[in-house]
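Asks: For reference, the file final.txt (compact mmCIF, C-alpha atoms) is included below:
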```
# COMPACT_ATOMS: atom_id res chain seq x y z
CA MET F 1 99.98 118.78 73.86
CA ALA F 2 101.29 118.16 77.38
CA GLY F 3 101.84 114.61 78.57
CA VAL F 4 102.72 113.07 75.22
CA TYR F 5 105.56 110.58 75.49
CA SER F 6 107.42 108.33 73.14
CA VAL F 7 107.04 104.55 73.38
CA ALA F 8 110.65 104.32 74.57
CA GLN F 9 109.98 106.84 77.36
CA VAL F 10 106.92 104.93 78.59
CA ASN F 11 108.80 101.63 78.50
CA SER F 12 111.73 103.15 80.37
CA TYR F 13 109.37 104.55 82.99
CA ILE F 14 107.70 101.14 83.50
CA LYS F 15 111.07 99.42 83.89
CA ASN F 16 112.14 102.08 86.40
CA MET F 17 108.92 101.63 88.41
CA PHE F 18 109.67 97.91 88.73
CA ALA F 19 113.16 98.72 89.99
CA GLN F 20 111.81 101.06 92.70
CA ASP F 21 108.90 98.93 93.95
CA PHE F 22 109.75 97.57 97.43
CA LEU F 23 107.38 94.59 97.15
CA LEU F 24 109.02 93.40 93.94
CA ARG F 25 112.49 93.65 95.55
CA ARG F 26 111.69 91.06 98.28
CA LEU F 27 109.00 88.71 97.09
CA SER F 28 107.89 85.15 97.87
CA VAL F 29 106.00 83.37 95.10
CA LYS F 30 104.23 80.01 95.26
CA GLY F 31 103.58 78.02 92.09
CA GLU F 32 104.18 74.89 90.04
CA VAL F 33 107.44 74.49 88.18
CA SER F 34 107.50 73.82 84.44
CA ASN F 35 110.03 74.13 81.64
CA CYS F 36 112.94 73.61 84.02
CA LYS F 37 116.37 73.69 82.39
CA TYR F 38 119.71 73.24 84.12
CA HIS F 39 122.30 75.19 82.15
CA SER F 40 125.92 74.02 81.98
CA SER F 41 126.86 77.31 83.70
CA GLY F 42 125.00 76.14 86.81
CA HIS F 43 122.03 78.46 86.31
CA ILE F 44 118.51 77.02 86.65
CA TYR F 45 115.87 78.45 84.30
CA PHE F 46 112.22 77.61 84.97
CA THR F 47 108.65 78.84 84.80
CA LEU F 48 106.34 79.16 87.79
CA LYS F 49 102.68 78.75 86.98
CA ASP F 50 99.26 78.60 88.57
CA GLY F 51 95.72 78.76 87.26
CA GLY F 52 96.07 82.48 86.62
CA GLY F 53 99.32 82.76 84.70
CA THR F 54 103.03 82.13 84.40
CA LEU F 55 106.21 83.85 85.56
CA GLN F 56 109.66 83.21 84.10
CA ALA F 57 112.33 82.59 86.72
CA VAL F 58 116.05 82.01 87.02
CA MET F 59 118.35 81.04 89.85
CA PHE F 60 121.92 81.94 88.99
CA ALA F 61 124.71 79.57 89.94
CA SER F 62 126.03 82.12 92.43
CA GLN F 63 122.70 81.99 94.31
CA ARG F 64 122.48 78.20 94.46
CA ARG F 65 125.03 77.85 97.28
CA GLY F 66 124.95 74.06 97.39
CA LEU F 67 121.27 73.72 96.53
CA ASN F 68 120.90 70.05 95.60
CA LEU F 69 117.21 70.29 94.83
CA SER F 70 115.75 68.62 91.77
CA LEU F 71 112.83 70.53 90.31
CA PRO F 72 110.63 67.93 88.65
CA ARG F 73 107.82 69.20 86.44
CA ASP F 74 104.65 70.15 88.36
CA SER F 75 106.43 70.30 91.73
CA ARG F 76 105.04 73.02 93.93
CA LEU F 77 107.62 75.57 95.02
CA LEU F 78 108.03 78.57 97.24
CA VAL F 79 110.53 80.87 95.56
CA LYS F 80 111.97 83.99 97.17
CA GLY F 81 113.62 86.66 95.11
CA THR F 82 113.24 89.81 93.07
CA VAL F 83 110.99 90.51 90.10
CA GLU F 84 112.32 92.71 87.35
CA CYS F 85 110.87 93.98 84.12
CA LEU F 86 113.11 92.66 81.35
CA ARG F 87 111.54 94.51 78.47
CA ALA F 88 108.91 97.07 79.33
CA GLY F 89 105.95 97.03 77.01
CA ARG F 90 105.96 93.24 76.79
CA GLU F 91 104.71 90.65 79.23
CA ASN F 92 108.26 89.72 79.96
CA ASN F 93 108.92 89.91 83.68
CA GLN F 94 111.33 87.61 85.44
CA LEU F 95 111.79 86.37 88.97
CA TYR F 96 115.42 86.25 90.07
CA ALA F 97 115.39 83.49 92.70
CA SER F 98 117.55 83.70 95.78
CA GLU F 99 115.89 80.76 97.60
CA ILE F 100 113.83 77.77 96.44
CA GLU F 101 111.89 75.39 98.67
CA LEU F 102 109.63 72.48 97.80
CA SER F 103 106.16 73.46 98.91
CA GLY F 104 104.24 70.20 98.91
CA ALA F 105 103.22 67.29 96.76
CA ARG F 106 103.00 67.41 93.00
CA GLY F 107 99.79 68.66 91.49
CA PRO F 108 97.94 71.91 91.06
CA VAL F 109 98.80 74.75 93.36
CA SER F 110 95.93 75.77 95.61
CA GLU F 111 94.75 79.34 95.64
CA ILE F 112 97.53 81.63 96.79
```
Mind converting the file's structure to C-alpha cells?
Replies:
Amino acid sequence: MAGVYSVAQVNSYIKNMFAQDFLLRRLSVKGEVSNCKYHSSGHIYFTLKDGGGTLQAVMFASQRRGLNLSLPRDSRLLVKGTVECLRAGRENNQLYASEIELSGARGPVSEI
C-alpha cells in the first residue's frame, strides 16, 4: 500500500514543515501573558493566551539585550519571534521571542 508512513516519519515531516514555513520564521503575536517565570539563567518562560488558545513562549537571556520589562500576569504583549514545533504529534509548539513590547492595559486581549 503506497503512502503508508510510520508515526515517527509523520512527526518528523510535521516538524520539518514548521522549520520551512516562512510565516513561522518571522511572526508577531499579540496576547496576554500568564505563567511567567524568570529563570536564574536569565531566560524568561511564559505563556501567551487569548480567548482561542495558548502558546508557550521563551525569551533566552541572549535575546533580552537589556530588556528591563516586567511581565505581570494578564499584561497584553506584542511578541516577535519564531514558532517551532517541539514535539510533532503533540500540541507542543513554542514561540522563541526575539522582541517583547507591552501592548496596552491589563485585561482581555481584543480580537486579533
Asks: What's the separation between atom CA of F:Ser62 and atom CA of F:His39, in Å to one decimal place?
Replies: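 These two atoms are separated by 12.9 Å.
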Asks: Do you know which residues are at most 7 Å from F:Leu102 counting only C-alpha atoms, after dropping those on the same chain fewer than 3 positions away, and could you put them as an mmCIF file with C-alpha atoms, in the frame of the given file?
Replies:
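To be explicit, this is the file written out as around21.cif:
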```cif
data_model
loop_
_atom_site.group_PDB
_atom_site.id
_atom_site.type_symbol
_atom_site.label_atom_id
_atom_site.label_comp_id
_atom_site.auth_asym_id
_atom_site.auth_seq_id
_atom_site.Cartn_x
_atom_site.Cartn_y
_atom_site.Cartn_z
ATOM 1 C CA ARG F 76 105.040 73.020 93.930
ATOM 2 C CA LEU F 77 107.620 75.570 95.020
ATOM 3 C CA LEU F 78 108.030 78.570 97.240
#
```
Asks: Just the number, please: distance in Å from atom CA of F:Ile100 to atom CA of F:Val79, one decimal.
Replies: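 So the answer is 4.6 Å.
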Asks: In Å to one decimal, how far is atom CA of F:Tyr96 from atom CA of F:Thr47?
Replies: 11.3 Å
Asks: I need the residue nearest F:Ser41 from this list: F:Ala19, F:Phe60, F:Ser12, F:Arg73. Use all atoms listed in the file for the distance.
Replies: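 The closest residue to F:Ser41 is F:Phe60.
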Asks: Need to verify the contact set: F:Ala57, 10 Å, only C-alpha atoms, exclusion of same-chain residues closer than 3 positions in sequence. Can you return it as a ChimeraX atom specification?
Replies: /F:33,36,44-48,54,60,79,81-83,93-97
